[in-house]
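Student: Here you go, this is run_16.cif (mmCIF, C-alpha atoms).
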```
data_upload
loop_
_atom_site.label_atom_id
_atom_site.label_comp_id
_atom_site.auth_asym_id
_atom_site.auth_seq_id
_atom_site.Cartn_x
_atom_site.Cartn_y
_atom_site.Cartn_z
CA VAL A 1 27.77 -23.42 -0.99
CA GLU A 2 30.49 -24.35 -3.48
CA ILE A 3 31.18 -20.75 -4.47
CA LEU A 4 31.38 -19.74 -0.81
CA GLY A 5 33.94 -22.52 -0.34
CA LEU A 6 35.99 -21.15 -3.23
CA LEU A 7 35.78 -17.63 -1.81
CA SER A 8 37.02 -18.99 1.50
CA LYS A 9 39.98 -20.67 -0.23
CA ILE A 10 40.81 -17.39 -1.93
CA HIS A 11 40.72 -15.52 1.39
CA ARG A 12 43.08 -18.08 2.95
CA PHE A 13 45.39 -17.86 -0.07
CA LEU A 14 45.55 -14.07 0.15
CA LYS A 15 46.57 -14.26 3.80
CA GLN A 16 49.66 -16.34 2.96
CA PRO A 17 52.84 -14.24 2.90
CA VAL A 18 54.90 -14.21 -0.27
CA ASN A 19 58.46 -12.99 -0.69
CA ILE A 20 58.18 -11.05 -3.95
CA SER A 21 61.96 -10.99 -4.34
CA ASP A 22 62.28 -14.78 -4.24
CA ALA A 23 61.61 -16.39 -7.63
CA GLY A 24 60.64 -19.72 -6.07
CA ASP A 25 58.18 -18.11 -3.68
CA VAL A 26 56.63 -16.05 -6.49
CA GLU A 27 56.40 -19.15 -8.68
CA ARG A 28 54.58 -21.07 -5.92
CA TRP A 29 52.23 -18.10 -5.42
CA GLN A 30 51.53 -17.90 -9.16
CA SER A 31 50.90 -21.62 -9.33
CA ARG A 32 48.30 -21.48 -6.54
CA TYR A 33 46.79 -18.32 -8.07
CA LYS A 34 46.34 -20.09 -11.40
CA GLU A 35 44.92 -23.15 -9.66
CA LEU A 36 42.32 -21.03 -7.85
CA ASP A 37 41.49 -19.19 -11.07
CA ALA A 38 40.95 -22.51 -12.83
CA MET A 39 38.72 -23.67 -9.96
CA LEU A 40 36.62 -20.50 -10.27
CA GLU A 41 36.26 -20.85 -14.01
CA SER A 42 35.50 -24.54 -13.75
CA TRP A 43 32.80 -23.86 -11.18
CA HIS A 44 31.27 -21.15 -13.36
CA TYR A 45 31.27 -23.24 -16.51
CA ALA A 46 29.85 -26.24 -14.65
CA LEU A 47 26.71 -24.31 -13.72
CA PRO A 48 23.63 -25.65 -15.46
CA PRO A 49 23.01 -23.57 -18.61
CA GLU A 50 19.85 -22.05 -17.15
CA TYR A 51 21.90 -20.58 -14.25
CA GLY A 52 25.09 -19.58 -16.03
CA LYS A 53 24.01 -16.52 -18.01
CA LEU A 54 23.22 -13.70 -15.62
CA ALA A 55 21.11 -11.45 -17.88
CA GLN A 56 19.02 -14.32 -19.20
CA LEU A 57 18.67 -15.77 -15.73
CA LEU A 58 17.40 -12.57 -14.12
CA ALA A 59 14.95 -11.98 -16.93
CA SER A 60 13.39 -15.42 -16.62
CA ALA A 61 13.60 -16.26 -12.90
CA HIS A 62 10.53 -16.32 -10.69
CA ALA A 63 10.42 -13.48 -8.16
CA LYS A 64 10.99 -15.82 -5.20
CA ASP A 65 14.14 -17.24 -6.80
CA LYS A 66 15.79 -13.98 -7.84
CA ALA A 67 17.46 -13.11 -4.52
CA ILE A 68 19.31 -16.44 -4.33
CA LEU A 69 20.34 -16.22 -7.98
CA VAL A 70 21.57 -12.66 -7.43
CA MET A 71 23.69 -13.91 -4.52
CA LEU A 72 25.06 -16.80 -6.58
CA HIS A 73 26.41 -14.45 -9.24
CA ALA A 74 27.35 -11.70 -6.80
CA THR A 75 29.47 -14.14 -4.79
CA PHE A 76 31.15 -15.48 -7.92
CA ASN A 77 32.09 -11.97 -9.06
CA THR A 78 33.29 -11.09 -5.56
CA ALA A 79 35.57 -14.13 -5.65
CA VAL A 80 36.91 -13.06 -9.07
CA ILE A 81 37.76 -9.59 -7.76
CA ARG A 82 39.30 -10.87 -4.53
CA LEU A 83 41.55 -13.32 -6.39
CA HIS A 84 42.60 -11.16 -9.32
CA SER A 85 43.03 -7.85 -7.51
CA SER A 86 46.08 -9.28 -5.75
CA ALA A 87 47.76 -9.80 -9.13
CA ALA A 88 46.36 -6.66 -10.76
CA TYR A 89 47.17 -4.19 -8.00
CA PRO A 90 49.94 -5.58 -5.80
CA THR A 91 50.71 -3.41 -2.78
CA THR A 92 54.43 -3.95 -3.35
CA ARG A 93 56.30 -4.83 -6.53
CA SER A 94 59.57 -6.33 -7.57
CA ALA A 95 61.28 -7.20 -10.83
CA ILE A 96 59.54 -10.61 -10.74
CA PHE A 97 56.21 -9.54 -9.21
CA THR A 98 54.57 -6.85 -11.33
CA PRO A 99 50.92 -5.84 -11.92
CA SER A 100 48.95 -8.01 -14.34
CA TYR A 101 46.91 -6.19 -16.98
CA ARG A 102 44.84 -9.33 -17.64
CA ALA A 103 43.99 -9.60 -13.94
CA SER A 104 42.93 -5.93 -13.84
CA GLN A 105 40.61 -6.53 -16.79
CA ARG A 106 39.08 -9.54 -15.03
CA CYS A 107 38.48 -7.33 -11.99
CA LEU A 108 36.88 -4.54 -13.99
CA SER A 109 34.64 -7.01 -15.80
CA ALA A 110 33.51 -8.43 -12.45
CA VAL A 111 32.80 -4.89 -11.19
CA GLU A 112 30.61 -4.31 -14.27
CA ASN A 113 28.76 -7.55 -13.54
CA ILE A 114 28.21 -6.49 -9.93
CA ALA A 115 26.94 -3.09 -11.09
CA THR A 116 24.48 -4.88 -13.40
CA ILE A 117 23.37 -7.09 -10.52
CA GLY A 118 23.08 -4.09 -8.19
CA ASP A 119 21.04 -2.15 -10.72
CA PHE A 120 18.70 -5.11 -11.12
CA VAL A 121 18.39 -5.46 -7.34
CA ARG A 122 17.52 -1.80 -6.86
CA LYS A 123 15.06 -1.68 -9.76
CA HIS A 124 13.22 -4.76 -8.52
CA GLY A 125 13.16 -3.85 -4.84
CA LEU A 126 15.26 -6.83 -3.75
CA LEU A 127 17.74 -4.96 -1.56
CA ALA A 128 15.80 -5.68 1.64
CA GLN A 129 15.98 -9.42 0.85
CA LEU A 130 19.76 -9.45 0.67
CA GLY A 131 22.09 -9.54 3.63
CA PRO A 132 25.54 -8.47 4.73
CA THR A 133 27.13 -10.73 2.11
CA PHE A 134 25.69 -8.50 -0.60
CA ALA A 135 27.03 -5.46 1.25
CA PHE A 136 30.46 -7.11 1.13
CA THR A 137 30.07 -7.61 -2.63
CA LEU A 138 29.24 -3.94 -3.15
CA TRP A 139 32.16 -2.94 -0.90
CA VAL A 140 34.64 -5.13 -2.79
CA ALA A 141 33.51 -3.70 -6.15
CA ALA A 142 33.66 -0.10 -4.92
CA ARG A 143 37.05 -0.61 -3.31
CA LEU A 144 38.38 -2.06 -6.58
CA LEU A 145 37.21 1.06 -8.41
CA LEU A 146 39.02 3.22 -5.85
CA VAL A 147 42.24 1.26 -6.23
CA HIS A 148 42.02 1.21 -10.03
CA GLY A 149 41.24 4.92 -10.15
CA SER A 150 44.13 5.84 -7.89
CA THR A 151 46.76 3.57 -9.44
CA VAL A 152 45.89 3.19 -13.13
CA GLU A 153 43.31 5.70 -14.36
CA ARG A 154 44.37 8.56 -12.09
CA LYS A 155 40.70 9.54 -11.79
CA LEU A 156 37.77 8.12 -9.89
CA SER A 157 35.05 6.27 -11.79
CA THR A 158 31.65 7.94 -11.63
CA GLN A 159 30.25 4.47 -10.99
CA ILE A 160 31.49 4.70 -7.39
CA GLY A 161 28.42 6.83 -6.60
CA PHE A 162 26.15 3.92 -7.49
CA PHE A 163 27.93 1.65 -5.03
CA VAL A 164 27.91 4.27 -2.25
CA ASP A 165 24.20 4.92 -2.77
CA SER A 166 23.43 1.20 -2.81
CA LEU A 167 25.39 0.65 0.40
CA ARG A 168 23.63 3.61 2.02
CA GLU A 169 20.26 2.09 1.14
CA LEU A 170 21.32 -1.37 2.29
CA GLY A 171 22.60 0.26 5.48
CA LYS A 172 18.96 0.73 6.52
CA TYR A 173 18.88 -3.03 7.09
CA TRP A 174 22.50 -3.95 7.91
CA ALA A 175 24.94 -1.89 9.98
CA VAL A 176 27.93 -3.28 8.10
CA ALA A 177 26.61 -1.73 4.87
CA ALA A 178 26.36 1.65 6.57
CA ARG A 179 29.97 1.28 7.78
CA TYR A 180 31.17 0.42 4.27
CA CYS A 181 29.26 3.44 2.93
CA GLY A 182 30.88 5.71 5.53
CA VAL A 183 34.37 4.49 4.70
CA LEU A 184 33.80 5.06 0.99
CA GLN A 185 32.41 8.54 1.55
#
```
Show me, as structure tokens, the structure contained in the file I just sent.

Tutor:
Amino acid sequence: VEILGLLSKIHRFLKQPVNISDAGDVERWQSRYKELDAMLESWHYALPPEYGKLAQLLASAHAKDKAILVMLHATFNTAVIRLHSSAAYPTTRSAIFTPSYRASQRCLSAVENIATIGDFVRKHGLLAQLGPTFAFTLWVAARLLLVHGSTVERKLSTQIGFFVDSLRELGKYWAVAARYCGVLQ
């Protein structure tokens, strides 16, 4: 519930307009951005040790607990991408509002984490237990790869196929996943 609350705060923050030519406005935006980043990190580090390490957690969790633990980490990584993609890949730029390399690396790391989670989910047959929120996670990760590939790398990551295939499979259960898959294709 806490991580969903943080994701909601990030969504509200991203909807706020910012004048990227006004130093004061950019400074206020950066201040709130850093505050939200600190909240995310604080939440993550405050997890009990047995829940904080994804690989260890998935290896040791009981089958009935794995879906909720997958969603816990998937939602955290979705929040990381949503927050940092605005700084890493701004739609418009100015002399005082430029792309952040550090933010792009945070995004790419979160995409890798989501790919690890997705691989685990598919290998263990958990996809049917997850809902539209997981489809959103896969969509956010895939969209980040598209943006990164078109703005920085100038080539599309081969990993995009994994996300499209996962969304196609999840689309058997949730129409929104099928729509995300169609848009990506």

Student: Do you know which residues are at most 10 Å from stretch 29-33 of chain A counting all atoms listed in the file, after dropping those on the same chain fewer than 4 positions away, and could you put them as a VMD selection string?

Tutor: chain A and resid 10 13 to 14 16 to 20 23 to 25 37 to 39 83 to 84 86 to 87 97

Student: Identify which of the residues A:Leu156, A:Val176, A:Ala59, A:Ala79 lies closest to A:Gly5, counting all atoms listed in the file when measuring atom-to-atom distances.

Tutor: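 Checking each of A:Leu156, A:Val176, A:Ala59, A:Ala79 against A:Gly5, counting all atoms listed in the file, the winner is A:Ala79.
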
Student: Between A:Leu170, A:Leu184, A:Leu40, A:Val26, which has the minimum distance to A:Val121 (counting only C-alpha atoms)?

Tutor: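 When distances to A:Val121 are compared using only C-alpha atoms, the smallest one comes from A:Leu170.
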
Student: Figure out the distance between atom CA of A:Phe163 and atom CA of A:Tyr101, please, to one decimal in Å.

Tutor: 23.8 Å

Student: Please enumerate the residues selected by the PyMOL selection byres ((chain A and resi 181) around 12) when evaluated against the supplied file, formatted as a compact mmCIF listing (two decimals) with C-alpha atoms, in the frame of the given file.

Tutor:
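Okay, this is what ended up in result20.txt:
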```txt
# COMPACT_ATOMS: atom_id res chain seq x y z
CA ALA A 135 27.03 -5.46 1.25
CA PHE A 136 30.46 -7.11 1.13
CA LEU A 138 29.24 -3.94 -3.15
CA TRP A 139 32.16 -2.94 -0.90
CA VAL A 140 34.64 -5.13 -2.79
CA ALA A 142 33.66 -0.10 -4.92
CA ARG A 143 37.05 -0.61 -3.31
CA ILE A 160 31.49 4.70 -7.39
CA GLY A 161 28.42 6.83 -6.60
CA PHE A 162 26.15 3.92 -7.49
CA PHE A 163 27.93 1.65 -5.03
CA VAL A 164 27.91 4.27 -2.25
CA ASP A 165 24.20 4.92 -2.77
CA SER A 166 23.43 1.20 -2.81
CA LEU A 167 25.39 0.65 0.40
CA ARG A 168 23.63 3.61 2.02
CA GLU A 169 20.26 2.09 1.14
CA LEU A 170 21.32 -1.37 2.29
CA GLY A 171 22.60 0.26 5.48
CA LYS A 172 18.96 0.73 6.52
CA TRP A 174 22.50 -3.95 7.91
CA ALA A 175 24.94 -1.89 9.98
CA VAL A 176 27.93 -3.28 8.10
CA ALA A 177 26.61 -1.73 4.87
CA ALA A 178 26.36 1.65 6.57
CA ARG A 179 29.97 1.28 7.78
CA TYR A 180 31.17 0.42 4.27
CA GLY A 182 30.88 5.71 5.53
CA VAL A 183 34.37 4.49 4.70
CA LEU A 184 33.80 5.06 0.99
CA GLN A 185 32.41 8.54 1.55
```

Student: So how far away is atom CA of A:Ser85 from atom CA of A:Tyr51, in Å?

Tutor: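 Spanning atom CA of A:Tyr51 to atom CA of A:Ser85 is a straight-line distance of 25.6 Å.
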
Student: Specify as number ranges by chain each residue included when the PyMOL selection byres ((chain A and resi 151) around 12) is applied to this file.

Tutor: A: 88-91, 99, 104, 144-150, 152-156

Student: Can you give me, as a PyMOL selection string, the residues this file yields under the PyMOL selection byres ((chain A and resi 7) around 10)?

Tutor: chain A and resi 1-6+8-13+36+40+75-80+82-83

Student: Compare A:Ala141, A:Asp22, A:Lys53, A:Ala46 by their minimum atom-to-atom distance to A:Glu112, counting only C-alpha atoms, and give me the closest one.

Tutor: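 Closest to A:Glu112, using only C-alpha atoms: A:Ala141.
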
Student: Suppose you want the space between atom CA of A:Ala128 and atom CA of A:Pro48; what is it in Å?

Tutor: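 Interatomic distance, atom CA of A:Ala128 to atom CA of A:Pro48: 27.4 Å.
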
Student: Could I get stretch 127-152 of chain A from the block written as a PDB file, in the first residue's frame, with N, CA, C and O atoms?

Tutor:
```pdb
ATOM      1  N   LEU A 127       1.963 -15.682 -14.296  1.00  0.00           N
ATOM      2  CA  LEU A 127       1.363 -14.596 -15.058  1.00  0.00           C
ATOM      3  C   LEU A 127      -0.147 -14.513 -14.851  1.00  0.00           C
ATOM      4  O   LEU A 127      -0.697 -13.422 -14.711  1.00  0.00           O
ATOM      5  N   ALA A 128      -0.817 -15.654 -14.803  1.00  0.00           N
ATOM      6  CA  ALA A 128      -2.274 -15.671 -14.632  1.00  0.00           C
ATOM      7  C   ALA A 128      -2.695 -15.138 -13.261  1.00  0.00           C
ATOM      8  O   ALA A 128      -3.843 -14.728 -13.085  1.00  0.00           O
ATOM      9  N   GLN A 129      -1.776 -15.112 -12.298  1.00  0.00           N
ATOM     10  CA  GLN A 129      -2.095 -14.629 -10.956  1.00  0.00           C
ATOM     11  C   GLN A 129      -1.926 -13.118 -10.813  1.00  0.00           C
ATOM     12  O   GLN A 129      -2.285 -12.547  -9.792  1.00  0.00           O
ATOM     13  N   LEU A 130      -1.354 -12.496 -11.835  1.00  0.00           N
ATOM     14  CA  LEU A 130      -1.075 -11.068 -11.761  1.00  0.00           C
ATOM     15  C   LEU A 130      -2.108 -10.308 -12.580  1.00  0.00           C
ATOM     16  O   LEU A 130      -2.661 -10.830 -13.534  1.00  0.00           O
ATOM     17  N   GLY A 131      -2.340  -9.079 -12.225  1.00  0.00           N
ATOM     18  CA  GLY A 131      -3.396  -8.317 -12.867  1.00  0.00           C
ATOM     19  C   GLY A 131      -2.918  -7.200 -13.755  1.00  0.00           C
ATOM     20  O   GLY A 131      -1.757  -7.168 -14.186  1.00  0.00           O
ATOM     21  N   PRO A 132      -3.809  -6.253 -14.023  1.00  0.00           N
ATOM     22  CA  PRO A 132      -3.485  -5.148 -14.913  1.00  0.00           C
ATOM     23  C   PRO A 132      -2.344  -4.270 -14.393  1.00  0.00           C
ATOM     24  O   PRO A 132      -1.666  -3.622 -15.181  1.00  0.00           O
ATOM     25  N   THR A 133      -2.113  -4.280 -13.107  1.00  0.00           N
ATOM     26  CA  THR A 133      -0.998  -3.497 -12.561  1.00  0.00           C
ATOM     27  C   THR A 133       0.330  -4.042 -13.075  1.00  0.00           C
ATOM     28  O   THR A 133       1.246  -3.281 -13.374  1.00  0.00           O
ATOM     29  N   PHE A 134       0.429  -5.365 -13.205  1.00  0.00           N
ATOM     30  CA  PHE A 134       1.657  -5.938 -13.744  1.00  0.00           C
ATOM     31  C   PHE A 134       1.786  -5.618 -15.223  1.00  0.00           C
ATOM     32  O   PHE A 134       2.896  -5.378 -15.721  1.00  0.00           O
ATOM     33  N   ALA A 135       0.667  -5.582 -15.929  1.00  0.00           N
ATOM     34  CA  ALA A 135       0.694  -5.173 -17.343  1.00  0.00           C
ATOM     35  C   ALA A 135       1.235  -3.749 -17.454  1.00  0.00           C
ATOM     36  O   ALA A 135       2.040  -3.452 -18.344  1.00  0.00           O
ATOM     37  N   PHE A 136       0.813  -2.869 -16.546  1.00  0.00           N
ATOM     38  CA  PHE A 136       1.314  -1.499 -16.546  1.00  0.00           C
ATOM     39  C   PHE A 136       2.825  -1.485 -16.316  1.00  0.00           C
ATOM     40  O   PHE A 136       3.562  -0.739 -16.976  1.00  0.00           O
ATOM     41  N   THR A 137       3.303  -2.308 -15.413  1.00  0.00           N
ATOM     42  CA  THR A 137       4.740  -2.400 -15.145  1.00  0.00           C
ATOM     43  C   THR A 137       5.498  -2.790 -16.409  1.00  0.00           C
ATOM     44  O   THR A 137       6.513  -2.176 -16.755  1.00  0.00           O
ATOM     45  N   LEU A 138       5.016  -3.816 -17.093  1.00  0.00           N
ATOM     46  CA  LEU A 138       5.676  -4.266 -18.324  1.00  0.00           C
ATOM     47  C   LEU A 138       5.633  -3.172 -19.389  1.00  0.00           C
ATOM     48  O   LEU A 138       6.614  -2.945 -20.102  1.00  0.00           O
ATOM     49  N   TRP A 139       4.511  -2.480 -19.482  1.00  0.00           N
ATOM     50  CA  TRP A 139       4.342  -1.380 -20.444  1.00  0.00           C
ATOM     51  C   TRP A 139       5.326  -0.250 -20.156  1.00  0.00           C
ATOM     52  O   TRP A 139       5.990   0.258 -21.058  1.00  0.00           O
ATOM     53  N   VAL A 140       5.448   0.137 -18.897  1.00  0.00           N
ATOM     54  CA  VAL A 140       6.352   1.228 -18.517  1.00  0.00           C
ATOM     55  C   VAL A 140       7.799   0.855 -18.855  1.00  0.00           C
ATOM     56  O   VAL A 140       8.548   1.674 -19.386  1.00  0.00           O
ATOM     57  N   ALA A 141       8.184  -0.377 -18.569  1.00  0.00           N
ATOM     58  CA  ALA A 141       9.555  -0.819 -18.871  1.00  0.00           C
ATOM     59  C   ALA A 141       9.804  -0.834 -20.381  1.00  0.00           C
ATOM     60  O   ALA A 141      10.846  -0.354 -20.848  1.00  0.00           O
ATOM     61  N   ALA A 142       8.861  -1.377 -21.137  1.00  0.00           N
ATOM     62  CA  ALA A 142       9.022  -1.440 -22.589  1.00  0.00           C
ATOM     63  C   ALA A 142       9.068  -0.048 -23.202  1.00  0.00           C
ATOM     64  O   ALA A 142       9.895   0.232 -24.078  1.00  0.00           O
ATOM     65  N   ARG A 143       8.195   0.825 -22.727  1.00  0.00           N
ATOM     66  CA  ARG A 143       8.159   2.194 -23.248  1.00  0.00           C
ATOM     67  C   ARG A 143       9.481   2.908 -22.959  1.00  0.00           C
ATOM     68  O   ARG A 143       9.991   3.654 -23.797  1.00  0.00           O
ATOM     69  N   LEU A 144      10.051   2.660 -21.789  1.00  0.00           N
ATOM     70  CA  LEU A 144      11.349   3.260 -21.455  1.00  0.00           C
ATOM     71  C   LEU A 144      12.414   2.787 -22.439  1.00  0.00           C
ATOM     72  O   LEU A 144      13.227   3.582 -22.919  1.00  0.00           O
ATOM     73  N   LEU A 145      12.399   1.498 -22.760  1.00  0.00           N
ATOM     74  CA  LEU A 145      13.370   0.988 -23.741  1.00  0.00           C
ATOM     75  C   LEU A 145      13.194   1.648 -25.101  1.00  0.00           C
ATOM     76  O   LEU A 145      14.178   1.940 -25.783  1.00  0.00           O
ATOM     77  N   LEU A 146      11.948   1.891 -25.500  1.00  0.00           N
ATOM     78  CA  LEU A 146      11.689   2.571 -26.771  1.00  0.00           C
ATOM     79  C   LEU A 146      12.236   3.999 -26.755  1.00  0.00           C
ATOM     80  O   LEU A 146      12.891   4.431 -27.705  1.00  0.00           O
ATOM     81  N   VAL A 147      11.979   4.697 -25.675  1.00  0.00           N
ATOM     82  CA  VAL A 147      12.455   6.079 -25.563  1.00  0.00           C
ATOM     83  C   VAL A 147      13.981   6.108 -25.529  1.00  0.00           C
ATOM     84  O   VAL A 147      14.616   6.896 -26.236  1.00  0.00           O
ATOM     85  N   HIS A 148      14.580   5.249 -24.733  1.00  0.00           N
ATOM     86  CA  HIS A 148      16.041   5.215 -24.635  1.00  0.00           C
ATOM     87  C   HIS A 148      16.664   4.859 -25.986  1.00  0.00           C
ATOM     88  O   HIS A 148      17.639   5.484 -26.417  1.00  0.00           O
ATOM     89  N   GLY A 149      16.078   3.872 -26.645  1.00  0.00           N
ATOM     90  CA  GLY A 149      16.600   3.453 -27.939  1.00  0.00           C
ATOM     91  C   GLY A 149      16.490   4.520 -29.010  1.00  0.00           C
ATOM     92  O   GLY A 149      17.369   4.659 -29.861  1.00  0.00           O
ATOM     93  N   SER A 150      15.432   5.313 -28.948  1.00  0.00           N
ATOM     94  CA  SER A 150      15.241   6.335 -29.981  1.00  0.00           C
ATOM     95  C   SER A 150      15.961   7.649 -29.676  1.00  0.00           C
ATOM     96  O   SER A 150      16.233   8.421 -30.587  1.00  0.00           O
ATOM     97  N   THR A 151      16.306   7.889 -28.430  1.00  0.00           N
ATOM     98  CA  THR A 151      16.946   9.163 -28.087  1.00  0.00           C
ATOM     99  C   THR A 151      18.428   9.051 -27.743  1.00  0.00           C
ATOM    100  O   THR A 151      19.180   9.986 -27.984  1.00  0.00           O
ATOM    101  N   VAL A 152      18.838   7.922 -27.183  1.00  0.00           N
ATOM    102  CA  VAL A 152      20.222   7.790 -26.719  1.00  0.00           C
ATOM    103  C   VAL A 152      20.996   6.763 -27.537  1.00  0.00           C
ATOM    104  O   VAL A 152      22.027   7.074 -28.121  1.00  0.00           O
TER     105      VAL A 152
END
```
